[in-house]
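Peer 1: Pasting structure-v7.cif below, which is mmCIF, C-alpha atoms (C1' of nucleotides).
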```cif
data_final
#
loop_
_atom_site.label_atom_id
_atom_site.label_comp_id
_atom_site.auth_asym_id
_atom_site.auth_seq_id
_atom_site.Cartn_x
_atom_site.Cartn_y
_atom_site.Cartn_z
CA MET N 1 37.19 -20.66 71.02
CA PRO N 2 34.55 -20.40 73.72
CA GLU N 3 31.01 -20.91 72.53
CA ARG N 4 29.96 -17.40 73.40
CA THR N 5 32.91 -15.76 71.70
CA LYS N 6 31.68 -17.30 68.48
CA PHE N 7 28.18 -16.06 69.20
CA PHE N 8 29.36 -12.53 69.87
CA SER N 9 31.74 -12.43 66.95
CA HIS N 10 28.74 -12.99 64.68
CA TRP N 11 27.72 -9.51 65.69
CA LYS N 12 31.26 -8.14 65.81
CA LEU N 13 30.89 -7.67 69.56
CA LYS N 14 33.54 -8.28 72.20
CA ASN N 15 32.88 -11.24 74.45
CA THR N 16 32.88 -9.53 77.83
CA GLN N 17 31.94 -10.88 81.23
CA GLY N 18 29.04 -8.47 81.49
CA ARG N 19 27.54 -9.40 78.14
CA ASN N 20 27.90 -13.08 78.92
CA LYS N 21 26.20 -12.72 82.25
CA VAL N 22 23.34 -10.63 80.88
CA LEU N 23 22.76 -13.16 78.13
CA ASP N 24 22.85 -16.02 80.66
CA ILE N 25 20.33 -14.32 82.86
CA LEU N 26 17.98 -13.51 79.99
CA GLU N 27 18.21 -16.99 78.51
CA THR N 28 17.55 -18.61 81.86
CA SER N 29 14.55 -16.47 82.73
CA THR N 30 11.08 -17.58 81.72
CA ILE N 31 9.70 -14.06 82.12
CA PRO N 32 10.76 -10.64 80.84
CA LEU N 33 13.10 -8.81 83.22
CA THR N 34 13.81 -5.17 84.03
CA ALA N 35 17.33 -3.76 83.91
CA GLU N 36 17.29 -3.73 87.68
CA ASP N 37 16.20 -7.37 87.90
CA ILE N 38 19.21 -8.25 85.81
CA TYR N 39 21.49 -6.08 87.89
CA LEU N 40 20.27 -7.77 91.09
CA LYS N 41 20.59 -11.26 89.65
CA SER N 42 24.16 -10.55 88.55
CA LYS N 43 24.88 -9.44 92.10
CA GLU N 44 23.36 -12.59 93.62
CA GLN N 45 25.48 -14.65 91.30
CA ASN N 46 28.64 -12.85 92.43
CA ALA N 47 29.24 -11.31 89.05
CA GLU N 48 27.92 -7.82 89.67
CA ILE N 49 27.53 -5.61 86.63
CA SER N 50 26.89 -1.96 87.34
CA LEU N 51 23.38 -0.84 86.56
CA SER N 52 24.46 1.63 83.91
CA THR N 53 26.42 -1.09 82.17
CA VAL N 54 23.40 -3.35 82.28
CA TYR N 55 21.48 -0.62 80.49
CA ARG N 56 24.25 -0.20 77.93
CA ILE N 57 24.41 -3.92 77.25
CA LEU N 58 20.65 -4.18 76.90
CA ASP N 59 20.54 -1.25 74.49
CA LEU N 60 23.21 -2.92 72.43
CA PHE N 61 21.36 -6.24 72.35
CA VAL N 62 18.16 -4.49 71.37
CA ALA N 63 19.98 -2.65 68.59
CA LYS N 64 21.23 -5.98 67.27
CA GLY N 65 17.85 -7.67 67.55
CA ILE N 66 19.07 -10.20 70.11
CA VAL N 67 16.69 -8.86 72.73
CA ILE N 68 13.19 -7.35 72.67
CA LYS N 69 12.43 -4.32 74.81
CA SER N 70 8.85 -3.83 75.88
CA ASN N 71 6.89 -1.92 78.47
CA ILE N 72 4.25 -4.06 80.04
CA SER N 73 1.47 -1.67 80.91
CA SER N 74 0.85 -0.05 84.30
CA ASN N 75 4.39 0.34 85.64
CA ASN N 76 6.71 2.24 83.39
CA LYS N 77 9.83 0.21 83.54
CA ALA N 78 11.24 -1.30 80.40
CA MET N 79 11.24 -5.09 80.29
CA PHE N 80 13.71 -7.16 78.32
CA GLU N 81 13.48 -10.67 76.95
CA ILE N 82 15.35 -12.83 74.47
CA ALA N 83 13.99 -12.48 70.93
CA LYS N 84 13.57 -16.16 70.28
CA GLU N 85 11.16 -18.96 69.70
CA GLY N 86 9.41 -20.18 72.80
CA HIS N 87 8.30 -16.76 73.98
CA LYS N 88 4.81 -16.29 75.38
CA HIS N 89 2.11 -13.72 74.82
CA HIS N 90 -0.57 -12.70 77.28
CA ILE N 91 -4.03 -11.28 77.69
CA VAL N 92 -4.11 -8.73 80.47
CA CYS N 93 -7.36 -7.85 82.24
CA ILE N 94 -7.65 -4.06 82.28
CA HIS N 95 -9.62 -4.20 85.50
CA CYS N 96 -8.10 -6.82 87.84
CA LYS N 97 -4.75 -7.04 85.99
CA LYS N 98 -4.97 -10.82 85.82
CA VAL N 99 -2.67 -12.24 83.16
CA LEU N 100 -3.58 -15.19 80.99
CA ALA N 101 -0.83 -16.80 78.92
CA LEU N 102 -1.70 -17.74 75.37
CA GLU N 103 -1.03 -21.29 74.29
CA ASN N 104 0.69 -20.50 71.06
CA CYS N 105 1.90 -17.49 69.20
CA PRO N 106 -0.65 -16.24 66.69
CA LEU N 107 2.11 -14.68 64.64
CA LYS N 108 4.29 -17.68 63.98
CA CYS N 109 2.79 -18.26 60.56
CA TYR N 110 2.23 -14.63 59.78
CA GLU N 111 5.90 -13.82 60.21
CA LYS N 112 6.82 -16.29 57.49
CA THR N 113 4.30 -14.78 55.10
CA LEU N 114 5.66 -11.37 55.97
CA LYS N 115 9.26 -12.38 55.30
CA ASN N 116 8.31 -13.45 51.81
CA LYS N 117 6.17 -10.44 51.11
CA THR N 118 8.41 -7.69 52.50
CA HIS N 119 11.87 -9.27 52.24
CA TYR N 120 12.58 -8.09 55.76
CA ASP N 121 14.72 -10.25 58.01
CA ILE N 122 12.30 -10.42 60.91
CA THR N 123 13.97 -10.92 64.27
CA GLY N 124 11.09 -10.62 66.71
CA HIS N 125 7.88 -8.99 67.77
CA LYS N 126 5.94 -7.67 70.74
CA LEU N 127 2.32 -8.51 71.31
CA GLU N 128 0.00 -7.83 74.20
CA ILE N 129 -3.77 -8.19 74.23
CA PHE N 130 -6.14 -6.27 76.49
CA GLY N 131 -9.66 -6.68 77.69
CA TYR N 132 -11.95 -7.53 80.54
CA CYS N 133 -11.76 -11.02 82.00
CA PRO N 134 -15.01 -12.98 82.40
CA GLU N 135 -15.39 -11.87 86.04
CA CYS N 136 -14.61 -8.22 85.49
CA LYS N 137 -16.68 -7.74 82.38
CA VAL N 138 -19.74 -8.30 84.57
CA LEU N 139 -18.67 -6.09 87.46
CA THR N 140 -17.29 -3.28 85.44
CA ASP N 141 -18.52 0.31 85.51
CA ARG N 142 -19.32 0.25 81.84
CA LYS N 143 -23.01 0.09 80.93
CA MET B 1 -27.64 15.69 75.65
CA PRO B 2 -24.37 16.39 73.86
CA GLU B 3 -22.97 13.47 71.93
CA ARG B 4 -19.91 13.20 74.12
CA THR B 5 -21.85 13.30 77.37
CA LYS B 6 -23.61 10.15 76.23
CA PHE B 7 -20.28 8.59 75.35
CA PHE B 8 -18.77 9.41 78.72
CA SER B 9 -21.83 8.38 80.69
CA HIS B 10 -21.42 4.87 79.24
CA TRP B 11 -18.32 4.70 81.36
CA LYS B 12 -19.79 6.67 84.26
CA LEU B 13 -17.31 9.46 83.60
CA LYS B 14 -17.93 13.18 83.80
CA ASN B 15 -17.89 15.00 80.49
CA THR B 16 -15.15 17.52 81.12
CA GLN B 17 -13.43 19.90 78.72
CA GLY B 18 -10.12 18.15 79.22
CA ARG B 19 -11.46 14.69 78.47
CA ASN B 20 -13.25 15.98 75.41
CA LYS B 21 -10.16 17.65 74.08
CA VAL B 22 -7.92 14.65 74.70
CA LEU B 23 -10.41 12.42 72.94
CA ASP B 24 -10.64 14.86 70.02
CA ILE B 25 -6.90 14.98 69.66
CA LEU B 26 -6.50 11.22 69.83
CA GLU B 27 -9.33 10.58 67.38
CA THR B 28 -7.96 13.11 64.93
CA SER B 29 -4.41 11.83 65.00
CA THR B 30 -3.30 9.17 62.55
CA ILE B 31 -0.30 8.28 64.70
CA PRO B 32 0.17 7.44 68.38
CA LEU B 33 0.94 10.48 70.54
CA THR B 34 2.87 11.09 73.73
CA ALA B 35 1.30 12.82 76.71
CA GLU B 36 3.38 15.86 75.86
CA ASP B 37 2.24 15.86 72.22
CA ILE B 38 -1.31 15.99 73.47
CA TYR B 39 -0.48 18.73 75.95
CA LEU B 40 1.11 20.82 73.20
CA LYS B 41 -1.74 20.26 70.80
CA SER B 42 -4.27 21.33 73.42
CA LYS B 43 -2.22 24.48 73.89
CA GLU B 44 -2.11 25.22 70.14
CA GLN B 45 -5.86 24.83 70.03
CA ASN B 46 -6.31 27.34 72.85
CA ALA B 47 -7.70 24.75 75.22
CA GLU B 48 -4.62 24.05 77.31
CA ILE B 49 -4.82 21.09 79.66
CA SER B 50 -2.06 20.86 82.23
CA LEU B 51 0.41 18.08 81.59
CA SER B 52 -0.39 16.28 84.81
CA THR B 53 -4.06 16.30 83.91
CA VAL B 54 -3.25 14.92 80.48
CA TYR B 55 -1.50 12.04 82.21
CA ARG B 56 -4.46 11.52 84.51
CA ILE B 57 -6.95 11.53 81.66
CA LEU B 58 -4.85 9.12 79.65
CA ASP B 59 -4.49 6.73 82.58
CA LEU B 60 -8.22 6.81 83.01
CA PHE B 61 -8.87 6.08 79.35
CA VAL B 62 -6.37 3.24 79.42
CA ALA B 63 -8.05 1.82 82.53
CA LYS B 64 -11.37 1.89 80.69
CA GLY B 65 -9.94 0.35 77.54
CA ILE B 66 -10.74 3.43 75.43
CA VAL B 67 -7.06 4.04 74.74
CA ILE B 68 -4.02 1.81 74.25
CA LYS B 69 -0.72 2.76 75.87
CA SER B 70 2.43 1.51 74.23
CA ASN B 71 6.11 2.26 74.17
CA ILE B 72 7.43 2.39 70.67
CA SER B 73 11.06 1.31 70.81
CA SER B 74 14.15 3.48 71.30
CA ASN B 75 12.78 6.47 73.21
CA ASN B 76 11.13 5.66 76.48
CA LYS B 77 8.07 7.79 76.35
CA ALA B 78 4.66 6.21 76.52
CA MET B 79 2.56 6.58 73.39
CA PHE B 80 -1.21 6.65 73.35
CA GLU B 81 -3.71 5.84 70.64
CA ILE B 82 -7.42 5.14 70.36
CA ALA B 83 -8.25 1.45 70.83
CA LYS B 84 -10.38 1.10 67.74
CA GLU B 85 -10.72 -0.55 64.39
CA GLY B 86 -8.63 1.05 61.72
CA HIS B 87 -5.45 1.07 63.71
CA LYS B 88 -2.20 0.18 61.99
CA HIS B 89 0.70 -2.05 62.89
CA HIS B 90 4.28 -1.61 61.76
CA ILE B 91 7.53 -3.33 61.05
CA VAL B 92 10.42 -1.30 62.39
CA CYS B 93 13.93 -1.74 61.01
CA ILE B 94 16.26 -2.20 63.95
CA HIS B 95 19.10 -0.63 62.01
CA CYS B 96 17.82 2.37 60.05
CA LYS B 97 14.56 2.76 62.05
CA LYS B 98 12.50 2.82 58.87
CA VAL B 99 8.85 2.03 59.56
CA LEU B 100 6.69 0.00 57.22
CA ALA B 101 2.95 -0.03 57.84
CA LEU B 102 1.21 -3.37 57.52
CA GLU B 103 -1.76 -3.55 55.19
CA ASN B 104 -4.09 -5.31 57.55
CA CYS B 105 -4.14 -6.42 61.12
CA PRO B 106 -3.04 -10.02 61.47
CA LEU B 107 -5.01 -10.32 64.70
CA LYS B 108 -8.45 -9.36 63.49
CA CYS B 109 -9.53 -12.97 63.12
CA TYR B 110 -7.53 -14.25 66.02
CA GLU B 111 -9.27 -11.90 68.43
CA LYS B 112 -12.62 -13.39 67.55
CA THR B 113 -11.34 -16.91 68.14
CA LEU B 114 -9.89 -15.74 71.41
CA LYS B 115 -13.16 -14.17 72.57
CA ASN B 116 -14.91 -17.46 72.09
CA LYS B 117 -12.19 -19.51 73.69
CA THR B 118 -11.41 -17.36 76.71
CA HIS B 119 -14.70 -15.49 77.24
CA TYR B 120 -12.69 -12.30 77.66
CA ASP B 121 -14.17 -9.06 76.38
CA ILE B 122 -11.19 -8.03 74.29
CA THR B 123 -10.83 -4.28 73.86
CA GLY B 124 -7.53 -3.93 72.04
CA HIS B 125 -3.98 -5.05 71.49
CA LYS B 126 -0.47 -3.82 70.85
CA LEU B 127 1.72 -5.31 68.16
CA GLU B 128 5.08 -4.29 66.84
CA ILE B 129 7.35 -6.34 64.60
CA PHE B 130 11.13 -5.95 64.38
CA GLY B 131 13.80 -6.88 61.94
CA TYR B 132 16.23 -5.72 59.32
CA CYS B 133 14.88 -4.10 56.19
CA PRO B 134 16.09 -5.41 52.81
CA GLU B 135 18.79 -2.72 52.59
CA CYS B 136 20.08 -3.06 56.14
CA LYS B 137 20.13 -6.82 56.25
CA VAL B 138 22.92 -6.66 53.67
CA LEU B 139 24.91 -3.84 55.27
CA THR B 140 24.56 -4.98 58.81
CA ASP B 141 27.41 -5.86 61.14
CA ARG B 142 26.10 -9.36 61.53
CA LYS B 143 28.00 -12.04 59.66
"C1'" DA L 1 -31.90 28.63 87.44
"C1'" DA L 2 -29.38 28.20 91.96
"C1'" DT L 3 -26.92 25.08 95.22
"C1'" DG L 4 -24.03 21.49 97.27
"C1'" DC L 5 -20.75 18.14 96.85
"C1'" DA L 6 -17.85 14.89 94.95
"C1'" DA L 7 -14.78 14.63 91.40
"C1'" DA L 8 -11.48 16.94 88.26
"C1'" DT L 9 -7.86 20.20 87.51
"C1'" DG L 10 -3.48 23.20 87.71
"C1'" DA L 11 0.93 24.16 89.32
"C1'" DG L 12 4.92 22.72 90.63
"C1'" DA L 13 7.52 19.73 93.81
"C1'" DA L 14 8.86 14.89 94.32
"C1'" DT L 15 10.06 10.44 92.53
"C1'" DA L 16 12.28 7.02 89.94
"C1'" DA L 17 14.00 5.16 85.57
"C1'" DT L 18 17.41 5.90 82.34
"C1'" DT L 19 21.51 8.32 80.33
"C1'" DT L 20 25.90 10.53 80.36
"C1'" DG L 21 30.87 12.08 81.36
"C1'" DC L 22 35.05 10.68 82.53
"C1'" DA L 23 38.69 8.06 84.65
"C1'" DT L 24 39.99 3.23 84.79
"C1'" DT L 25 39.97 -1.54 83.23
"C1'" DT L 26 39.54 -5.22 79.84
"C1'" DA L 27 39.39 -7.94 75.42
"C1'" DT L 28 41.35 -8.69 71.14
"C1'" DG L 29 44.47 -8.75 67.17
"C1'" DA L 30 49.18 -8.09 65.93
"C1'" DT T 1 53.11 -9.97 75.52
"C1'" DC T 2 51.71 -5.31 74.07
"C1'" DA T 3 49.09 -1.54 72.15
"C1'" DT T 4 44.79 0.18 71.34
"C1'" DA T 5 40.11 0.74 71.01
"C1'" DA T 6 36.23 -0.52 73.31
"C1'" DA T 7 33.78 -1.57 77.68
"C1'" DT T 8 32.95 -0.58 82.45
"C1'" DG T 9 32.01 1.64 87.13
"C1'" DC T 10 30.65 5.41 89.60
"C1'" DA T 11 28.24 9.37 90.51
"C1'" DA T 12 25.94 13.16 88.71
"C1'" DA T 13 22.54 14.78 85.34
"C1'" DT T 14 18.43 14.27 82.88
"C1'" DT T 15 13.72 13.40 82.01
"C1'" DA T 16 9.22 11.04 82.02
"C1'" DT T 17 5.72 10.34 85.18
"C1'" DT T 18 3.34 10.75 89.70
"C1'" DC T 19 1.80 13.12 93.66
"C1'" DT T 20 0.02 16.88 96.87
"C1'" DC T 21 -3.08 20.14 97.88
"C1'" DA T 22 -5.59 24.32 97.04
"C1'" DT T 23 -9.04 25.71 93.69
"C1'" DT T 24 -12.47 24.92 90.12
"C1'" DT T 25 -15.97 22.40 87.57
"C1'" DG T 26 -19.74 19.18 86.26
"C1'" DC T 27 -23.88 17.34 87.47
"C1'" DA T 28 -27.77 15.75 90.35
"C1'" DT T 29 -31.12 17.81 93.18
"C1'" DT T 30 -33.82 21.23 94.63
#
```
What is this file in structure tokens?
Peer 2:
Amino acid sequence: MPERTKFFSHWKLKNTQGRNKVLDILETSTIPLTAEDIYLKSKEQNAEISLSTVYRILDLFVAKGIVIKSNISSNNKAMFEIAKEGHKHHIVCIHCKKVLALENCPLKCYEKTLKNKTHYDITGHKLEIFGYCPECKVLTDRK
Amino acid sequence: MPERTKFFSHWKLKNTQGRNKVLDILETSTIPLTAEDIYLKSKEQNAEISLSTVYRILDLFVAKGIVIKSNISSNNKAMFEIAKEGHKHHIVCIHCKKVLALENCPLKCYEKTLKNKTHYDITGHKLEIFGYCPECKVLTDRK
DNA sequence: AATGCAAATGAGAATAATTTGCATTTATGA
DNA sequence: TCATAAATGCAAATTATTCTCATTTGCATT
């Protein structure tokens, strides 16, 4: 039984080429991707999945908690990333849009506390922090 | 000098009817609102602001850090809320969509640490936590 | 208080992301 | 291997958001 079939059967999902490829692409990427990014990567890798199918697969993964959907500010495209350890969070400068990655996830501990307190099975989270970077907080229009 | 004029002049912004109304609506609301929600509320209150202007005002407020833009899962409309103390975070059940409000913000402390460490002027953050609620984690399709 | 001007607004057309319908193909369990 | 339900591709439909441009408004300065 192929490794991925086992993985998918945990969720009672068919192990299709498209789902495999999307999972590959998401697991390989170090940054969140848009549906179109994934579509283009599948094409590059000679395993094209139609864009609407990419959307359907992503929706499914989000519904299962395998993937986190978020909308990084400014553009309004949805971004998708694996809901797993090893993810990164960022501080985004509202003014110059510079992005600073945070060393470690401030919620790692908190999630454990929360599991005990709420009895939820927590599968992931989204976090983004905003502000003015040291340069911009000086220049900015605010008094 | 009207109270709001002072507020707006801090950001070198004109004190217009639209901006006042949008701020009123956002400050009054206990939940994040879509641009359309705000448009409809302005209409109800006999101070209609055109939808495109609502979008423009919201973009401006986001750019200044007065408002936080986020995209609560499932639907893909942007949601807007005041970037202020007293905000709430939530755990959303991936399966039944139930929302549980968290008592206190797990980032309150962390933001202070971060200010010192990064010298950013932090104006706000977005946080959403996902998982299966106690009922759904039993029923769920996952093995 | 009146004036000038840059900035803000309204209306609706344009854009672009996402969803949907339906005919065809594919994965899985018997 | 076969039957069947589920997944996919394609193109059209939908919908949130942005943009254009003519008109209006807020505010600094007389």
Peer 1: Mind listing as a PyMOL selection string which residues of chain B are within 9 Å of chain N, counting only C-alpha atoms?
Peer 2: chain B and resi 9-12+59+62-65+68-74+76+78+91+93-95+106-107+110-111+118-135+137+140-143
Peer 1: So what do you get for atom CA of N:Glu48 versus atom C1' of L:DA27, distance-wise?
Peer 2: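 Computing the Euclidean distance for atom CA of N:Glu48 and atom C1' of L:DA27 yields 18.3 Å.
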Peer 1: Need the axis-aligned box for stretch 62-71 of chain N with 4 Å each side, so what are the centre and edges in Å to one decimal, as JSON?
Peer 2:
```
{"center_x": 14.1, "center_y": -6.1, "center_z": 72.9, "size_x": 22.3, "size_y": 16.3, "size_z": 19.2}
```
Peer 1: At a cut-off of 10 Å, using all atoms listed in the file, what residues contact stretch 9-22 of chain T? Leave out same-chain residues fewer than 5 positions from it and give the result as a list in words.
Peer 2: Ile49, Ser50, Leu51, Ser52, Thr53 and Asn76 of chain N; Ala35, Glu36, Ser52, Tyr55, Arg56, Asn76, Lys77 and Ala78 of chain B; DG10, DG12, DA13, DA14, DT15, DA16, DA17, DT18, DT19, DT20, DG21, DC22, DA23, DT24 and DT25 of chain L
Peer 1: Put chain N on top of chain B with a least-squares fit on all C-alpha atoms, paired in order, and send it back as a CSV table (one decimal) with C-alpha atoms, keeping the file's coordinate frame.
Peer 2:
```csv
chain,number,residue,atom,x,y,z
N,1,MET,CA,-27.7,15.5,76.0
N,2,PRO,CA,-24.5,16.2,74.2
N,3,GLU,CA,-23.1,13.3,72.2
N,4,ARG,CA,-20.0,13.0,74.4
N,5,THR,CA,-21.9,13.1,77.7
N,6,LYS,CA,-23.6,10.0,76.5
N,7,PHE,CA,-20.3,8.4,75.6
N,8,PHE,CA,-18.7,9.3,78.9
N,9,SER,CA,-21.7,8.2,81.0
N,10,HIS,CA,-21.3,4.7,79.5
N,11,TRP,CA,-18.2,4.6,81.6
N,12,LYS,CA,-19.6,6.6,84.5
N,13,LEU,CA,-17.2,9.4,83.8
N,14,LYS,CA,-17.9,13.1,84.0
N,15,ASN,CA,-17.9,14.9,80.7
N,16,THR,CA,-15.2,17.4,81.3
N,17,GLN,CA,-13.6,19.8,78.9
N,18,GLY,CA,-10.2,18.2,79.3
N,19,ARG,CA,-11.5,14.7,78.6
N,20,ASN,CA,-13.4,15.9,75.5
N,21,LYS,CA,-10.3,17.6,74.2
N,22,VAL,CA,-8.0,14.7,74.7
N,23,LEU,CA,-10.5,12.4,73.0
N,24,ASP,CA,-10.8,14.8,70.1
N,25,ILE,CA,-7.1,15.0,69.7
N,26,LEU,CA,-6.6,11.2,69.9
N,27,GLU,CA,-9.5,10.5,67.5
N,28,THR,CA,-8.2,13.1,65.0
N,29,SER,CA,-4.6,11.8,65.0
N,30,THR,CA,-3.5,9.2,62.6
N,31,ILE,CA,-0.5,8.3,64.7
N,32,PRO,CA,0.1,7.5,68.3
N,33,LEU,CA,0.8,10.6,70.4
N,34,THR,CA,2.8,11.2,73.6
N,35,ALA,CA,1.3,13.0,76.6
N,36,GLU,CA,3.3,16.0,75.7
N,37,ASP,CA,2.1,16.0,72.1
N,38,ILE,CA,-1.5,16.1,73.4
N,39,TYR,CA,-0.7,18.8,75.8
N,40,LEU,CA,0.9,21.0,73.0
N,41,LYS,CA,-2.0,20.3,70.7
N,42,SER,CA,-4.5,21.4,73.4
N,43,LYS,CA,-2.5,24.6,73.8
N,44,GLU,CA,-2.5,25.3,70.0
N,45,GLN,CA,-6.2,24.8,70.0
N,46,ASN,CA,-6.7,27.3,72.8
N,47,ALA,CA,-8.0,24.8,75.2
N,48,GLU,CA,-4.9,24.1,77.3
N,49,ILE,CA,-5.0,21.2,79.6
N,50,SER,CA,-2.1,21.0,82.1
N,51,LEU,CA,0.3,18.3,81.5
N,52,SER,CA,-0.4,16.4,84.7
N,53,THR,CA,-4.1,16.4,83.9
N,54,VAL,CA,-3.3,15.0,80.4
N,55,TYR,CA,-1.5,12.2,82.1
N,56,ARG,CA,-4.4,11.6,84.5
N,57,ILE,CA,-6.9,11.6,81.7
N,58,LEU,CA,-4.8,9.2,79.7
N,59,ASP,CA,-4.3,6.8,82.6
N,60,LEU,CA,-8.1,6.8,83.1
N,61,PHE,CA,-8.8,6.1,79.4
N,62,VAL,CA,-6.2,3.3,79.5
N,63,ALA,CA,-7.8,1.8,82.6
N,64,LYS,CA,-11.2,1.8,80.8
N,65,GLY,CA,-9.8,0.3,77.6
N,66,ILE,CA,-10.7,3.4,75.6
N,67,VAL,CA,-7.0,4.0,74.8
N,68,ILE,CA,-3.9,1.9,74.3
N,69,LYS,CA,-0.6,2.8,75.9
N,70,SER,CA,2.5,1.6,74.2
N,71,ASN,CA,6.2,2.4,74.1
N,72,ILE,CA,7.5,2.5,70.6
N,73,SER,CA,11.1,1.3,71.0
N,74,SER,CA,14.2,3.6,71.1
N,75,ASN,CA,12.8,6.6,72.9
N,76,ASN,CA,11.2,5.9,76.2
N,77,LYS,CA,8.1,8.0,76.1
N,78,ALA,CA,4.7,6.4,76.4
N,79,MET,CA,2.6,6.7,73.3
N,80,PHE,CA,-1.2,6.7,73.3
N,81,GLU,CA,-3.7,5.9,70.6
N,82,ILE,CA,-7.4,5.1,70.4
N,83,ALA,CA,-8.2,1.4,70.9
N,84,LYS,CA,-10.3,1.1,67.8
N,85,GLU,CA,-10.6,-0.5,64.4
N,86,GLY,CA,-8.5,1.2,61.7
N,87,HIS,CA,-5.3,1.2,63.7
N,88,LYS,CA,-2.1,0.3,62.0
N,89,HIS,CA,0.8,-2.0,62.8
N,90,HIS,CA,4.4,-1.6,61.7
N,91,ILE,CA,7.6,-3.4,61.0
N,92,VAL,CA,10.6,-1.4,62.4
N,93,CYS,CA,14.1,-1.9,61.0
N,94,ILE,CA,16.4,-2.4,64.0
N,95,HIS,CA,19.3,-0.9,62.1
N,96,CYS,CA,18.1,2.1,60.1
N,97,LYS,CA,14.8,2.5,62.1
N,98,LYS,CA,12.8,2.7,58.9
N,99,VAL,CA,9.1,2.0,59.6
N,100,LEU,CA,6.9,0.0,57.2
N,101,ALA,CA,3.1,0.0,57.8
N,102,LEU,CA,1.3,-3.2,57.4
N,103,GLU,CA,-1.6,-3.4,55.1
N,104,ASN,CA,-4.0,-5.1,57.4
N,105,CYS,CA,-4.1,-6.3,61.0
N,106,PRO,CA,-3.0,-9.9,61.3
N,107,LEU,CA,-5.0,-10.2,64.5
N,108,LYS,CA,-8.5,-9.2,63.3
N,109,CYS,CA,-9.6,-12.7,62.9
N,110,TYR,CA,-7.6,-14.1,65.8
N,111,GLU,CA,-9.3,-11.8,68.3
N,112,LYS,CA,-12.7,-13.2,67.4
N,113,THR,CA,-11.5,-16.7,67.9
N,114,LEU,CA,-10.0,-15.6,71.2
N,115,LYS,CA,-13.3,-14.0,72.4
N,116,ASN,CA,-15.1,-17.3,71.9
N,117,LYS,CA,-12.4,-19.4,73.4
N,118,THR,CA,-11.6,-17.3,76.5
N,119,HIS,CA,-14.8,-15.4,77.0
N,120,TYR,CA,-12.8,-12.2,77.5
N,121,ASP,CA,-14.2,-8.9,76.2
N,122,ILE,CA,-11.2,-7.9,74.2
N,123,THR,CA,-10.8,-4.2,73.8
N,124,GLY,CA,-7.5,-3.9,72.0
N,125,HIS,CA,-4.0,-5.0,71.4
N,126,LYS,CA,-0.4,-3.8,70.8
N,127,LEU,CA,1.7,-5.3,68.1
N,128,GLU,CA,5.1,-4.3,66.8
N,129,ILE,CA,7.4,-6.4,64.5
N,130,PHE,CA,11.2,-6.1,64.4
N,131,GLY,CA,13.8,-7.1,61.9
N,132,TYR,CA,16.3,-5.9,59.4
N,133,CYS,CA,15.0,-4.2,56.2
N,134,PRO,CA,16.3,-5.5,52.9
N,135,GLU,CA,19.0,-2.9,52.7
N,136,CYS,CA,20.3,-3.3,56.2
N,137,LYS,CA,20.2,-7.1,56.3
N,138,VAL,CA,23.1,-7.0,53.8
N,139,LEU,CA,25.1,-4.2,55.4
N,140,THR,CA,24.7,-5.4,58.9
N,141,ASP,CA,27.5,-6.4,61.3
N,142,ARG,CA,26.1,-9.9,61.7
N,143,LYS,CA,27.9,-12.7,59.9
```
Peer 1: Can you tell me, as a list in words, what residues are no more than 12 Å from T:DT23 when counting only C-alpha atoms (C1' of nucleotides), ignoring any on the same chain fewer than 5 positions away?
Peer 2: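 After dropping sequence-adjacent residues, the list is DA8, DT9, DG10 and DA11 of chain L.
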Peer 1: Keeping C-alpha atoms (C1' of nucleotides) for every residue in the selection just given, could you write it to a file as a PDB file, in the frame of the given file?
Peer 2:
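Done, and the output landed in selection-v3.pdb:
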```
ATOM      1  C1'  DA L   8     -11.480  16.940  88.260  1.00  0.00           C
ATOM      2  C1'  DT L   9      -7.860  20.200  87.510  1.00  0.00           C
ATOM      3  C1'  DG L  10      -3.480  23.200  87.710  1.00  0.00           C
ATOM      4  C1'  DA L  11       0.930  24.160  89.320  1.00  0.00           C
TER       5       DA L  11
END
```
Peer 1: How would you write, as a list in words, the residues chosen by the PyMOL selection byres ((chain T and resi 3) around 10) on this structure?
Peer 2: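 For this structure, the PyMOL selection byres ((chain T and resi 3) around 10) captures DG29 and DA30 of chain L; DT1, DC2, DT4 and DA5 of chain T.
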Peer 1: Using only C-alpha atoms (C1' of nucleotides), please write the residues we just selected to a file, as a JSON list (two decimals), keeping the file's coordinate frame.
Peer 2:
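Saved result, selection17.json, follows:
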```json
[["chain", "number", "residue", "atom", "x", "y", "z"],
["L", 29, "DG", "C1'", 44.47, -8.75, 67.17],
["L", 30, "DA", "C1'", 49.18, -8.09, 65.93],
["T", 1, "DT", "C1'", 53.11, -9.97, 75.52],
["T", 2, "DC", "C1'", 51.71, -5.31, 74.07],
["T", 4, "DT", "C1'", 44.79, 0.18, 71.34],
["T", 5, "DA", "C1'", 40.11, 0.74, 71.01]]
```
Peer 1: Once the PyMOL selection byres ((chain N and resi 19) around 10) has been evaluated on this model, what residues remain selected, and can you format them as number ranges by chain?
Peer 2: N: 4, 8, 13-18, 20-25, 49, 53-54, 56-58, 60-61
Peer 1: Please measure the separation of atom CA of B:Asn46 and atom CA of B:Phe7, giving the value in Å to one decimal.
Peer 2: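 Going from atom CA of B:Asn46 over to atom CA of B:Phe7, I get 23.5 Å.
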Peer 1: What is the distance, in Å and to one decimal place, between atom CA of N:Ile66 and atom CA of N:His87?
Peer 2: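 So the answer is 13.2 Å.
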Peer 1: When distances are computed from all atoms listed in the file, which of B:Asn75, B:Leu33, B:Lys108, B:Gln45 shows the smallest separation from chain L?
Peer 2: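 Using all atoms listed in the file, the shortest distance to chain L belongs to B:Asn75.
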